[in-house]
file start17.txt (compact mmCIF, C-alpha atoms (C1' of nucleotides))
# COMPACT_ATOMS: atom_id res chain seq x y z
CA MET G 1 214.24 79.54 34.39
CA SER G 2 217.75 80.81 35.25
CA ASN G 3 219.44 77.85 33.57
CA TYR G 4 222.19 79.78 31.85
CA TYR G 5 225.64 78.32 32.37
CA ASP G 6 224.23 74.80 32.54
CA THR G 7 227.08 73.16 30.62
CA GLU G 8 230.64 73.00 31.87
CA GLN G 9 231.78 74.79 28.73
CA ALA G 10 229.42 77.73 29.23
CA LEU G 11 230.48 77.99 32.84
CA SER G 12 234.19 77.93 32.16
CA ASP G 13 233.65 80.53 29.42
CA ALA G 14 231.93 82.78 31.97
CA PHE G 15 234.75 82.32 34.46
CA LYS G 16 237.33 82.94 31.77
CA ALA G 17 235.63 86.24 31.02
CA LEU G 18 235.89 87.18 34.69
CA SER G 19 239.48 85.96 35.03
CA ASN G 20 240.95 89.19 33.69
CA PRO G 21 241.25 92.03 36.25
CA HIS G 22 240.08 94.65 33.74
CA ARG G 23 237.04 92.63 32.74
CA LEU G 24 236.23 91.81 36.35
CA ALA G 25 236.34 95.54 37.14
CA LEU G 26 233.99 96.28 34.24
CA PHE G 27 231.58 93.55 35.27
CA ASN G 28 231.74 94.65 38.89
CA ARG G 29 230.88 98.20 37.91
CA LEU G 30 227.81 97.00 36.05
CA MET G 31 226.84 94.60 38.80
CA SER G 32 227.02 96.79 41.84
CA CYS G 33 224.04 99.09 41.64
CA CYS G 34 223.17 99.01 45.35
CA MET G 35 224.73 100.18 48.57
CA PRO G 36 227.45 97.90 49.90
CA GLY G 37 226.08 95.30 52.30
CA THR G 38 222.52 95.56 51.04
CA LYS G 39 220.75 93.03 48.88
CA CYS G 40 220.10 94.27 45.37
CA ASP G 41 216.41 94.22 44.51
CA ALA G 42 216.62 96.16 41.25
CA THR G 43 214.41 94.66 38.56
CA VAL G 44 215.88 96.97 35.95
CA ALA G 45 219.63 96.71 35.63
CA VAL G 46 221.90 99.75 35.65
CA ARG G 47 223.25 100.79 32.31
CA PHE G 48 226.59 102.29 31.45
CA CYS G 49 227.84 103.20 28.02
CA VAL G 50 231.14 101.66 26.92
CA GLY G 51 233.19 104.81 27.37
CA ASP G 52 231.96 105.52 30.89
CA LEU G 53 232.59 101.94 31.92
CA GLY G 54 236.24 102.21 30.98
CA GLU G 55 236.70 105.41 33.01
CA GLY G 56 239.78 105.21 35.21
CA LEU G 57 240.92 101.87 33.84
CA ASN G 58 243.68 103.32 31.66
CA ILE G 59 243.18 101.08 28.68
CA ALA G 60 242.90 102.00 25.01
CA PRO G 61 239.39 102.24 23.53
CA SER G 62 240.14 99.26 21.31
CA THR G 63 241.12 97.19 24.34
CA LEU G 64 238.02 98.28 26.22
CA SER G 65 235.86 97.31 23.26
CA HIS G 66 237.55 93.94 23.06
CA HIS G 67 236.95 93.20 26.75
CA LEU G 68 233.29 94.16 26.64
CA LYS G 69 232.86 91.96 23.61
CA GLU G 70 234.34 89.06 25.55
CA LEU G 71 231.97 89.64 28.47
CA ASN G 72 229.11 89.75 26.01
CA ARG G 73 230.18 86.58 24.21
CA ALA G 74 230.42 84.79 27.54
CA GLY G 75 226.80 85.71 28.18
CA LEU G 76 227.59 87.94 31.13
CA VAL G 77 226.87 91.38 29.70
CA GLU G 78 224.15 92.62 27.35
CA MET G 79 224.84 95.39 24.85
CA GLU G 80 222.59 97.64 22.79
CA ARG G 81 223.26 100.65 20.60
CA LYS G 82 221.56 103.84 21.77
CA GLY G 83 222.40 106.72 19.46
CA LYS G 84 226.09 107.39 19.46
CA ASN G 85 226.61 105.23 22.53
CA VAL G 86 226.42 101.51 23.19
CA GLU G 87 224.77 100.71 26.50
CA CYS G 88 225.82 97.75 28.64
CA TRP G 89 224.05 96.01 31.49
CA VAL G 90 223.92 92.77 33.44
CA GLU G 91 220.72 90.74 33.65
CA PRO G 92 220.01 89.95 37.31
CA GLU G 93 219.13 86.33 36.46
CA LYS G 94 222.70 85.78 35.29
CA LEU G 95 223.97 86.75 38.72
CA LYS G 96 221.53 84.34 40.29
CA ALA G 97 222.65 81.53 37.99
CA LEU G 98 226.32 82.06 38.78
CA SER G 99 225.69 82.43 42.49
CA SER G 100 223.79 79.17 42.61
CA PHE G 101 226.62 77.30 40.93
CA PHE G 102 228.57 77.68 44.16
CA GLN G 103 225.60 77.41 46.49
CA PRO G 104 222.36 75.95 45.12
CA ASP G 105 219.30 77.81 46.40
CA MET F 1 234.22 85.49 58.50
CA SER F 2 234.02 84.31 54.87
CA ASN F 3 236.04 87.24 53.59
CA TYR F 4 238.25 85.33 51.22
CA TYR F 5 238.39 86.82 47.74
CA ASP F 6 237.94 90.33 49.08
CA THR F 7 240.32 91.98 46.63
CA GLU F 8 239.73 92.17 42.90
CA GLN F 9 243.04 90.40 42.35
CA ALA F 10 242.14 87.45 44.58
CA LEU F 11 238.78 87.18 42.86
CA SER F 12 240.14 87.24 39.33
CA ASP F 13 242.74 84.65 40.35
CA ALA F 14 239.93 82.41 41.57
CA PHE F 15 237.98 82.85 38.34
CA LYS F 16 241.10 82.26 36.30
CA ALA F 17 241.54 78.96 38.08
CA LEU F 18 237.98 77.99 37.15
CA SER F 19 238.30 79.22 33.57
CA ASN F 20 239.91 76.01 32.37
CA PRO F 21 237.47 73.17 31.61
CA HIS F 22 239.71 70.57 33.22
CA ARG F 23 240.15 72.57 36.39
CA LEU F 24 236.44 73.36 36.54
CA ALA F 25 235.70 69.64 36.27
CA LEU F 26 238.12 68.89 39.10
CA PHE F 27 236.65 71.61 41.29
CA ASN F 28 233.14 70.49 40.48
CA ARG F 29 233.97 66.94 41.49
CA LEU F 30 235.24 68.15 44.85
CA MET F 31 232.37 70.53 45.30
CA SER F 32 229.40 68.33 44.60
CA CYS F 33 229.11 66.03 47.57
CA CYS F 34 225.30 66.15 47.81
CA MET F 35 222.36 64.97 45.74
CA PRO F 36 221.51 67.25 42.84
CA GLY F 37 218.92 69.84 43.79
CA THR F 38 219.54 69.56 47.50
CA LYS F 39 221.39 72.11 49.59
CA CYS F 40 224.72 70.85 50.84
CA ASP F 41 224.89 70.85 54.63
CA ALA F 42 228.14 68.93 54.99
CA THR F 43 230.39 70.45 57.62
CA VAL F 44 233.21 68.15 56.65
CA ALA F 45 234.19 68.40 53.00
CA VAL F 46 234.60 65.35 50.75
CA ARG F 47 238.13 64.35 50.02
CA PHE F 48 239.62 62.85 46.90
CA CYS F 49 243.23 62.00 46.28
CA VAL F 50 244.89 63.56 43.24
CA GLY F 51 244.86 60.40 41.14
CA ASP F 52 241.17 59.65 41.72
CA LEU F 53 240.22 63.22 40.90
CA GLY F 54 241.80 62.95 37.47
CA GLU F 55 239.90 59.74 36.67
CA GLY F 56 238.27 59.93 33.23
CA LEU F 57 239.78 63.28 32.36
CA ASN F 58 242.44 61.86 30.03
CA ILE F 59 245.26 64.12 31.07
CA ALA F 60 248.84 63.25 31.99
CA PRO F 61 249.67 63.02 35.72
CA SER F 62 251.96 66.03 35.39
CA THR F 63 249.15 68.07 33.88
CA LEU F 64 246.75 66.95 36.59
CA SER F 65 249.26 67.92 39.26
CA HIS F 66 249.73 71.30 37.65
CA HIS F 67 246.00 72.02 37.56
CA LEU F 68 245.46 71.05 41.18
CA LYS F 69 248.35 73.27 42.16
CA GLU F 70 246.68 76.17 40.34
CA LEU F 71 243.39 75.55 42.14
CA ASN F 72 245.30 75.44 45.41
CA ARG F 73 247.25 78.64 44.69
CA ALA F 74 244.00 80.41 43.85
CA GLY F 75 242.73 79.47 47.30
CA LEU F 76 239.98 77.23 45.97
CA VAL F 77 241.28 73.80 46.92
CA GLU F 78 243.12 72.58 50.03
CA MET F 79 245.73 69.82 49.81
CA GLU F 80 247.36 67.59 52.38
CA ARG F 81 249.65 64.61 52.09
CA LYS F 82 248.25 61.41 53.59
CA GLY F 83 250.72 58.58 53.15
CA LYS F 84 251.37 57.88 49.49
CA ASN F 85 248.42 60.03 48.45
CA VAL F 86 247.70 63.73 48.54
CA GLU F 87 244.14 64.50 49.59
CA CYS F 88 242.20 67.43 48.16
CA TRP F 89 239.06 69.15 49.39
CA VAL F 90 237.08 72.37 49.17
CA GLU F 91 236.28 74.41 52.27
CA PRO F 92 232.54 75.15 52.30
CA GLU F 93 233.20 78.79 53.34
CA LYS F 94 235.00 79.36 50.04
CA LEU F 95 231.86 78.37 48.17
CA LYS F 96 229.86 80.76 50.28
CA ALA F 97 232.31 83.58 49.62
CA LEU F 98 232.21 83.06 45.86
CA SER F 99 228.46 82.69 45.80
CA SER F 100 227.98 85.94 47.64
CA PHE F 101 230.12 87.83 45.17
CA PHE F 102 227.30 87.42 42.66
CA GLN F 103 224.48 87.67 45.18
CA PRO F 104 225.24 89.12 48.61
CA ASP F 105 223.44 87.25 51.40
C1' DA B 1 228.54 117.79 2.89
C1' DT B 2 231.59 118.10 6.71
C1' DA B 3 233.07 117.50 11.08
C1' DA B 4 232.92 115.62 15.80
C1' DT B 5 232.10 111.89 19.01
C1' DA B 6 231.61 106.90 20.25
C1' DG B 7 232.84 102.34 19.24
C1' DT B 8 234.72 98.53 16.47
C1' DT B 9 237.90 95.84 13.57
C1' DC B 10 242.41 94.56 12.14
C1' DG B 11 247.26 93.29 12.34
C1' DA B 12 251.20 92.91 15.14
C1' DC B 13 253.91 91.88 19.10
C1' DA B 14 254.90 90.42 23.77
C1' DT B 15 253.47 87.59 27.29
C1' DG B 16 250.95 83.55 29.41
C1' DT B 17 248.81 79.04 29.35
C1' DT B 18 248.18 74.11 28.36
C1' DT B 19 250.14 70.11 27.63
C1' DC B 20 253.39 66.43 27.47
C1' DG B 21 257.36 63.20 28.61
C1' DA B 22 261.45 62.48 31.30
C1' DA B 23 263.57 62.87 35.49
C1' DT B 24 262.83 63.43 40.48
C1' DT B 25 260.94 63.12 45.27
C1' DA B 26 257.91 60.88 48.87
C1' DT B 27 255.98 57.04 51.07
C1' DA B 28 254.94 52.18 52.00
C1' DG B 29 255.63 47.33 51.40
C1' DT B 30 258.95 43.14 50.47
C1' DA O 1 268.35 47.86 50.26
C1' DC O 2 265.02 47.37 46.60
C1' DT O 3 260.69 47.92 44.33
C1' DA O 4 256.20 49.77 43.43
C1' DT O 5 252.89 53.45 43.67
C1' DA O 6 251.66 58.41 43.99
C1' DA O 7 252.64 62.78 42.94
C1' DT O 8 255.75 66.81 41.65
C1' DT O 9 259.20 69.46 39.06
C1' DC O 10 261.37 70.77 34.86
C1' DG O 11 261.97 72.06 30.05
C1' DA O 12 260.00 72.44 25.62
C1' DA O 13 256.44 73.01 22.03
C1' DA O 14 252.03 74.66 20.51
C1' DC O 15 248.60 77.68 21.25
C1' DA O 16 245.86 81.60 23.37
C1' DT O 17 245.50 86.27 25.46
C1' DG O 18 246.17 91.31 26.37
C1' DT O 19 247.50 95.25 24.51
C1' DC O 20 248.22 98.93 21.33
C1' DG O 21 247.76 102.18 17.25
C1' DA O 22 245.85 102.93 12.77
C1' DA O 23 242.12 102.59 9.98
C1' DC O 24 237.27 102.00 9.83
C1' DT O 25 231.94 102.36 10.74
C1' DA O 26 227.86 104.55 13.06
C1' DT O 27 225.48 108.35 14.66
C1' DT O 28 224.54 113.13 15.54
C1' DA O 29 225.15 118.09 14.95
C1' DT O 30 226.56 122.12 12.08

call {"tool": "encode", "arguments": {"input": "start17.txt", "output": "C-alpha cells"}}
result
Amino acid sequence: MSNYYDTEQALSDAFKALSNPHRLALFNRLMSCCMPGTKCDATVAVRFCVGDLGEGLNIAPSTLSHHLKELNRAGLVEMERKGKNVECWVEPEKLKALSSFFQPD
Amino acid sequence: MSNYYDTEQALSDAFKALSNPHRLALFNRLMSCCMPGTKCDATVAVRFCVGDLGEGLNIAPSTLSHHLKELNRAGLVEMERKGKNVECWVEPEKLKALSSFFQPD
DNA sequence: ATAATAGTTCGACATGTTTCGAATTATAGT
DNA sequence: ACTATAATTCGAAACATGTCGAACTATTAT
C-alpha cells in the first residue's frame, strides 16, 4: 500500500542516500525512463547493470559498488544478479511514496 | 514557476539537509500544518520560532540553531527575525518542487 | 583448467558532520 | 544603564562518509 518510508528513520535514511551527488545521479538515471515533461506510466521499471550506471561518473568500480549498495540499503534501488551482471531498478511505488511525503495525494 | 532544485547540486543539498533525523523532524514540524490524510491548501505557511521548533528534541540551542541554518541554506526553510524571536516557515512551492522530482505533475 | 569480464569486500586515509559548552549579539522590558 | 530572553558564532572532540587500490568472488567462454 505504498507505505514505505513511514518512519522518520527510514525517511532520513532515504534522503541520506540521495544526499550524495554521485548517488543522486545514479538514482536519477534509473528513475528517468520517460521523456522530460511527460508523466511516467511505466509499470515495468527500466534496468541498468551496475557498470553501465556508473558510465561517465568517473568513479572507481569499488566506489560505484559502494554507492549502489547504499541506495539498496536505503530501500531506493532493487538489485538482482543476471549472469555476469547485476541489474538495478527503481520500483515505481517508491517514487510515489517519496513524492507523497512532500505532497500527500 | 516552482523551479527550485533544478540542478543536481541544489537537489542533493536539499536531500542532505533532510538526511539528518533532527533536521527532518524540524522540517516535518514546519511542513505538517494540516490534518493527517488531508491535502494542505494553506496559502500562508505556519510559522514557528526557533526555540519552539526544538521543543522535545533534546538538543542544545547551538545545535538547533546550526540545523535550522542548514535547512535555510539548502533552500528548504525561510527565516525572519521578529522581535526577540526568529520565525521559520516552509514555502509551499518548495514542497511542490520536491514532490515533483519523484513524480512529475 | 584457464582466462576474461563484472562486481564486491577490505583496509586506509582524507574530509565532513554532529554535537556541545562558552562567549557573543540582538531585542525588549525594568 | 541593567537584566532577561532568544538566538548565533566559535572552537573542539567524537564520529561518519567518500574515495581509492588491491585482493577477492561469481559467472561465462575458450

call {"tool": "interface_residues", "arguments": {"input": "start17.txt", "of": "chain O", "to": "chain G", "cutoff": "10 Å", "atoms": "all atoms listed in the file", "output": "ChimeraX atom specification"}}
result
/O:17-21,26-28

call {"tool": "write_last_selection", "arguments": {"input": "start17.txt", "atoms": "C-alpha atoms (C1' of nucleotides)", "output": "PDB file, in the coordinates of the input"}}
result
ATOM      1  C1'  DT O  17     245.500  86.270  25.460  1.00  0.00           C
ATOM      2  C1'  DG O  18     246.170  91.310  26.370  1.00  0.00           C
ATOM      3  C1'  DT O  19     247.500  95.250  24.510  1.00  0.00           C
ATOM      4  C1'  DC O  20     248.220  98.930  21.330  1.00  0.00           C
ATOM      5  C1'  DG O  21     247.760 102.180  17.250  1.00  0.00           C
ATOM      6  C1'  DA O  26     227.860 104.550  13.060  1.00  0.00           C
ATOM      7  C1'  DT O  27     225.480 108.350  14.660  1.00  0.00           C
ATOM      8  C1'  DT O  28     224.540 113.130  15.540  1.00  0.00           C
TER       9       DT O  28
END

call {"tool": "residues_around", "arguments": {"input": "start17.txt", "residues": "Ala25 in chain F", "least_positions_apart": "4", "cutoff": "12 Å", "atoms": "only C-alpha atoms (C1' of nucleotides)", "output": "PyMOL selection string"}}
result
(chain G and resi 7-9+11-12) or (chain F and resi 17-21+29-32+53-57+64+67-68+71)

call {"tool": "write_last_selection", "arguments": {"input": "start17.txt", "atoms": "C-alpha atoms", "output": "mmCIF file, in the coordinates of the input"}}
result
data_model
loop_
_atom_site.group_PDB
_atom_site.id
_atom_site.type_symbol
_atom_site.label_atom_id
_atom_site.label_comp_id
_atom_site.auth_asym_id
_atom_site.auth_seq_id
_atom_site.Cartn_x
_atom_site.Cartn_y
_atom_site.Cartn_z
ATOM 1 C CA THR G 7 227.080 73.160 30.620
ATOM 2 C CA GLU G 8 230.640 73.000 31.870
ATOM 3 C CA GLN G 9 231.780 74.790 28.730
ATOM 4 C CA LEU G 11 230.480 77.990 32.840
ATOM 5 C CA SER G 12 234.190 77.930 32.160
ATOM 6 C CA ALA F 17 241.540 78.960 38.080
ATOM 7 C CA LEU F 18 237.980 77.990 37.150
ATOM 8 C CA SER F 19 238.300 79.220 33.570
ATOM 9 C CA ASN F 20 239.910 76.010 32.370
ATOM 10 C CA PRO F 21 237.470 73.170 31.610
ATOM 11 C CA ARG F 29 233.970 66.940 41.490
ATOM 12 C CA LEU F 30 235.240 68.150 44.850
ATOM 13 C CA MET F 31 232.370 70.530 45.300
ATOM 14 C CA SER F 32 229.400 68.330 44.600
ATOM 15 C CA LEU F 53 240.220 63.220 40.900
ATOM 16 C CA GLY F 54 241.800 62.950 37.470
ATOM 17 C CA GLU F 55 239.900 59.740 36.670
ATOM 18 C CA GLY F 56 238.270 59.930 33.230
ATOM 19 C CA LEU F 57 239.780 63.280 32.360
ATOM 20 C CA LEU F 64 246.750 66.950 36.590
ATOM 21 C CA HIS F 67 246.000 72.020 37.560
ATOM 22 C CA LEU F 68 245.460 71.050 41.180
ATOM 23 C CA LEU F 71 243.390 75.550 42.140
#

call {"tool": "closest_atom_pairs", "arguments": {"input": "start17.txt", "of": "chain B", "to": "chain G", "cutoff": "12 Å", "atoms": "all atoms listed in the file", "output": "Markdown table"}}
result
| residue | atom | partner | partner_atom | distance |
| --- | --- | --- | --- | --- |
| B:DA4 | C1' | G:Lys84 | CA | 11.3 |
| B:DT5 | C1' | G:Lys84 | CA | 7.5 |
| B:DA6 | C1' | G:Lys84 | CA | 5.6 |
| B:DG7 | C1' | G:Ser65 | CA | 7.1 |
| B:DT8 | C1' | G:Ser65 | CA | 7.0 |
| B:DT9 | C1' | G:Ser62 | CA | 8.8 |
| B:DC10 | C1' | G:Ser62 | CA | 10.6 |

call {"tool": "interface_residues", "arguments": {"input": "start17.txt", "of": "chain G", "to": "chain F", "cutoff": "6 Å", "atoms": "only C-alpha atoms", "output": "list in words"}}
result
Ser12, Phe15, Lys16, Ser19, Pro21, Lys39, Leu95, Ser99, Phe102 and Pro104 of chain G

call {"tool": "write_last_selection", "arguments": {"input": "start17.txt", "atoms": "C-alpha atoms", "output": "mmCIF file, keeping the file's coordinate frame"}}
result
data_model
loop_
_atom_site.group_PDB
_atom_site.id
_atom_site.type_symbol
_atom_site.label_atom_id
_atom_site.label_comp_id
_atom_site.auth_asym_id
_atom_site.auth_seq_id
_atom_site.Cartn_x
_atom_site.Cartn_y
_atom_site.Cartn_z
ATOM 1 C CA SER G 12 234.190 77.930 32.160
ATOM 2 C CA PHE G 15 234.750 82.320 34.460
ATOM 3 C CA LYS G 16 237.330 82.940 31.770
ATOM 4 C CA SER G 19 239.480 85.960 35.030
ATOM 5 C CA PRO G 21 241.250 92.030 36.250
ATOM 6 C CA LYS G 39 220.750 93.030 48.880
ATOM 7 C CA LEU G 95 223.970 86.750 38.720
ATOM 8 C CA SER G 99 225.690 82.430 42.490
ATOM 9 C CA PHE G 102 228.570 77.680 44.160
ATOM 10 C CA PRO G 104 222.360 75.950 45.120
#

call {"tool": "closest_residue", "arguments": {"input": "start17.txt", "among": "G:Asp6, G:Ala45, G:Asn72, G:Leu26", "to": "Val90 in chain G", "atoms": "only C-alpha atoms"}}
result
G:Ala45

call {"tool": "atom_distance", "arguments": {"input": "start17.txt", "atom1": "C1' of DA4 in chain O", "atom2": "C1' of DG29 in chain B"}}
result
8.4 Å

call {"tool": "atom_distance", "arguments": {"input": "start17.txt", "atom1": "C1' of DT30 in chain B", "atom2": "C1' of DA7 in chain O"}}
result
22.0 Å

call {"tool": "calpha_fit_and_write", "arguments": {"input": "start17.txt", "fixed": "chain G", "moving": "chain F", "output": "short mmCIF file (atom, residue, chain, number, x, y, z; two decimals) with C-alpha atoms, in the coordinates of the input"}}
result
data_model
loop_
_atom_site.label_atom_id
_atom_site.label_comp_id
_atom_site.auth_asym_id
_atom_site.auth_seq_id
_atom_site.Cartn_x
_atom_site.Cartn_y
_atom_site.Cartn_z
CA MET F 1 214.26 79.64 34.53
CA SER F 2 217.79 80.82 35.38
CA ASN F 3 219.42 77.91 33.61
CA TYR F 4 222.14 79.83 31.87
CA TYR F 5 225.60 78.35 32.34
CA ASP F 6 224.20 74.83 32.52
CA THR F 7 227.04 73.20 30.61
CA GLU F 8 230.61 73.01 31.86
CA GLN F 9 231.74 74.80 28.71
CA ALA F 10 229.38 77.74 29.21
CA LEU F 11 230.47 77.99 32.83
CA SER F 12 234.18 77.95 32.12
CA ASP F 13 233.64 80.55 29.40
CA ALA F 14 231.93 82.77 31.96
CA PHE F 15 234.76 82.32 34.45
CA LYS F 16 237.33 82.93 31.75
CA ALA F 17 235.65 86.23 31.02
CA LEU F 18 235.92 87.18 34.69
CA SER F 19 239.51 85.96 35.01
CA ASN F 20 240.97 89.18 33.66
CA PRO F 21 241.27 92.01 36.21
CA HIS F 22 240.08 94.62 33.73
CA ARG F 23 237.05 92.62 32.72
CA LEU F 24 236.24 91.81 36.34
CA ALA F 25 236.36 95.52 37.14
CA LEU F 26 234.01 96.28 34.26
CA PHE F 27 231.60 93.55 35.30
CA ASN F 28 231.77 94.65 38.90
CA ARG F 29 230.91 98.20 37.92
CA LEU F 30 227.84 97.00 36.07
CA MET F 31 226.89 94.60 38.80
CA SER F 32 227.04 96.78 41.86
CA CYS F 33 224.06 99.08 41.62
CA CYS F 34 223.14 98.94 45.33
CA MET F 35 224.65 100.10 48.60
CA PRO F 36 227.36 97.82 49.94
CA GLY F 37 225.96 95.21 52.30
CA THR F 38 222.42 95.49 51.03
CA LYS F 39 220.70 92.95 48.82
CA CYS F 40 220.07 94.23 45.33
CA ASP F 41 216.37 94.23 44.48
CA ALA F 42 216.59 96.17 41.23
CA THR F 43 214.41 94.66 38.54
CA VAL F 44 215.86 96.97 35.95
CA ALA F 45 219.63 96.73 35.64
CA VAL F 46 221.91 99.79 35.66
CA ARG F 47 223.26 100.81 32.32
CA PHE F 48 226.59 102.32 31.42
CA CYS F 49 227.85 103.20 27.99
CA VAL F 50 231.14 101.65 26.89
CA GLY F 51 233.19 104.81 27.31
CA ASP F 52 231.96 105.54 30.84
CA LEU F 53 232.60 101.96 31.90
CA GLY F 54 236.26 102.25 30.96
CA GLU F 55 236.70 105.45 32.99
CA GLY F 56 239.79 105.25 35.21
CA LEU F 57 240.93 101.91 33.86
CA ASN F 58 243.69 103.35 31.67
CA ILE F 59 243.18 101.10 28.70
CA ALA F 60 242.91 102.00 25.01
CA PRO F 61 239.39 102.23 23.53
CA SER F 62 240.13 99.23 21.32
CA THR F 63 241.12 97.18 24.34
CA LEU F 64 238.02 98.28 26.23
CA SER F 65 235.84 97.32 23.27
CA HIS F 66 237.52 93.95 23.08
CA HIS F 67 236.94 93.20 26.76
CA LEU F 68 233.28 94.17 26.65
CA LYS F 69 232.84 91.96 23.62
CA GLU F 70 234.34 89.05 25.57
CA LEU F 71 231.98 89.65 28.49
CA ASN F 72 229.10 89.77 26.03
CA ARG F 73 230.16 86.58 24.22
CA ALA F 74 230.41 84.79 27.56
CA GLY F 75 226.79 85.72 28.19
CA LEU F 76 227.60 87.95 31.15
CA VAL F 77 226.89 91.38 29.72
CA GLU F 78 224.16 92.61 27.36
CA MET F 79 224.84 95.39 24.85
CA GLU F 80 222.59 97.63 22.80
CA ARG F 81 223.28 100.62 20.61
CA LYS F 82 221.55 103.81 21.74
CA GLY F 83 222.42 106.66 19.41
CA LYS F 84 226.13 107.36 19.43
CA ASN F 85 226.63 105.20 22.50
CA VAL F 86 226.42 101.49 23.17
CA GLU F 87 224.76 100.70 26.48
CA CYS F 88 225.82 97.76 28.63
CA TRP F 89 224.05 96.02 31.49
CA VAL F 90 223.92 92.79 33.46
CA GLU F 91 220.74 90.74 33.68
CA PRO F 92 220.04 89.98 37.35
CA GLU F 93 219.14 86.34 36.49
CA LYS F 94 222.71 85.78 35.31
CA LEU F 95 223.99 86.76 38.74
CA LYS F 96 221.56 84.35 40.32
CA ALA F 97 222.65 81.55 38.01
CA LEU F 98 226.33 82.07 38.78
CA SER F 99 225.72 82.42 42.48
CA SER F 100 223.83 79.16 42.61
CA PHE F 101 226.65 77.29 40.93
CA PHE F 102 228.61 77.68 44.16
CA GLN F 103 225.63 77.41 46.48
CA PRO F 104 222.39 75.96 45.11
CA ASP F 105 219.32 77.82 46.39
#

call {"tool": "atom_distance", "arguments": {"input": "start17.txt", "atom1": "C1' of DC24 in chain O", "atom2": "CA of Phe27 in chain G"}}
result
27.4 Å

call {"tool": "axis_aligned_box", "arguments": {"input": "start17.txt", "around": "range 50-60 of chain F", "padding_each_side": "5 Å", "output": "AutoDock Vina command-line options"}}
result
--center_x 243.6 --center_y 61.9 --center_z 36.6 --size_x 20.6 --size_y 14.5 --size_z 23.2

call {"tool": "decode", "arguments": {"input": "start17.txt", "residues": "range 6-17 of chain O", "atoms": "N, CA, C and O atoms (P, O5', C5', C4', C3', O3' and C1' of nucleotides)", "output": "compact mmCIF listing (two decimals), in the first residue's frame"}}
result
# COMPACT_ATOMS: atom_id res chain seq x y z
P DA O 6 12.69 33.04 25.83
O5' DA O 6 13.54 33.46 24.56
C5' DA O 6 13.08 34.50 23.72
C4' DA O 6 13.93 34.53 22.46
C3' DA O 6 14.22 33.16 21.87
O3' DA O 6 13.92 33.19 20.48
C1' DA O 6 16.24 34.36 22.22
P DA O 7 14.05 31.86 19.59
O5' DA O 7 15.54 31.98 19.03
C5' DA O 7 15.86 33.11 18.22
C4' DA O 7 17.34 33.21 18.03
C3' DA O 7 18.02 32.02 17.37
O3' DA O 7 18.37 32.38 16.04
C1' DA O 7 19.34 33.01 19.09
P DT O 8 19.29 31.49 15.12
O5' DT O 8 20.75 32.05 15.42
C5' DT O 8 21.02 33.43 15.16
C4' DT O 8 22.50 33.70 15.36
C3' DT O 8 23.42 32.80 14.54
O3' DT O 8 24.32 33.66 13.84
C1' DT O 8 24.06 32.79 16.82
P DT O 9 25.38 33.07 12.82
O5' DT O 9 26.75 33.02 13.67
C5' DT O 9 27.27 34.21 14.22
C4' DT O 9 28.52 33.89 15.02
C3' DT O 9 29.55 33.03 14.29
O3' DT O 9 30.81 33.67 14.43
C1' DT O 9 29.07 32.11 16.40
P DC O 10 32.08 33.20 13.59
O5' DC O 10 32.92 32.37 14.67
C5' DC O 10 33.12 32.93 15.96
C4' DC O 10 33.78 31.90 16.88
C3' DC O 10 34.73 30.94 16.18
O3' DC O 10 35.98 30.99 16.82
C1' DC O 10 33.21 29.77 17.58
P DG O 11 37.29 30.35 16.14
O5' DG O 11 37.63 29.14 17.12
C5' DG O 11 37.52 29.33 18.55
C4' DG O 11 37.62 27.98 19.24
C3' DG O 11 38.55 26.98 18.56
O3' DG O 11 39.29 26.33 19.57
C1' DG O 11 36.38 26.05 18.71
P DA O 12 40.37 25.21 19.22
O5' DA O 12 39.63 23.89 19.75
C5' DA O 12 39.05 23.93 21.06
C4' DA O 12 38.37 22.60 21.34
C3' DA O 12 39.15 21.38 20.84
O3' DA O 12 39.11 20.38 21.84
C1' DA O 12 36.98 21.38 19.91
P DA O 13 40.08 19.11 21.76
O5' DA O 13 39.04 17.91 21.70
C5' DA O 13 38.04 17.81 22.72
C4' DA O 13 37.02 16.78 22.30
C3' DA O 13 37.65 15.49 21.76
O3' DA O 13 37.23 14.41 22.58
C1' DA O 13 36.02 16.39 20.23
P DA O 14 37.38 12.88 22.08
O5' DA O 14 36.04 12.69 21.23
C5' DA O 14 34.79 12.53 21.88
C4' DA O 14 33.79 12.05 20.85
C3' DA O 14 34.11 10.67 20.28
O3' DA O 14 32.90 9.93 20.27
C1' DA O 14 33.93 12.25 18.52
P DC O 15 32.88 8.36 19.83
O5' DC O 15 32.27 8.45 18.38
C5' DC O 15 31.12 9.28 18.16
C4' DC O 15 30.97 9.52 16.68
C3' DC O 15 31.04 8.25 15.84
O3' DC O 15 29.76 8.04 15.29
C1' DC O 15 32.18 10.08 14.82
P DA O 16 29.49 6.80 14.29
O5' DA O 16 29.51 7.53 12.88
C5' DA O 16 28.67 8.65 12.65
C4' DA O 16 28.79 9.10 11.21
C3' DA O 16 28.68 7.99 10.18
O3' DA O 16 27.84 8.47 9.15
C1' DA O 16 30.72 9.17 9.89
P DT O 17 27.55 7.66 7.83
O5' DT O 17 28.56 8.37 6.81
C5' DT O 17 28.49 9.77 6.61
C4' DT O 17 29.34 10.15 5.41
C3' DT O 17 29.18 9.23 4.20
O3' DT O 17 29.00 10.10 3.10
C1' DT O 17 31.46 9.40 4.82
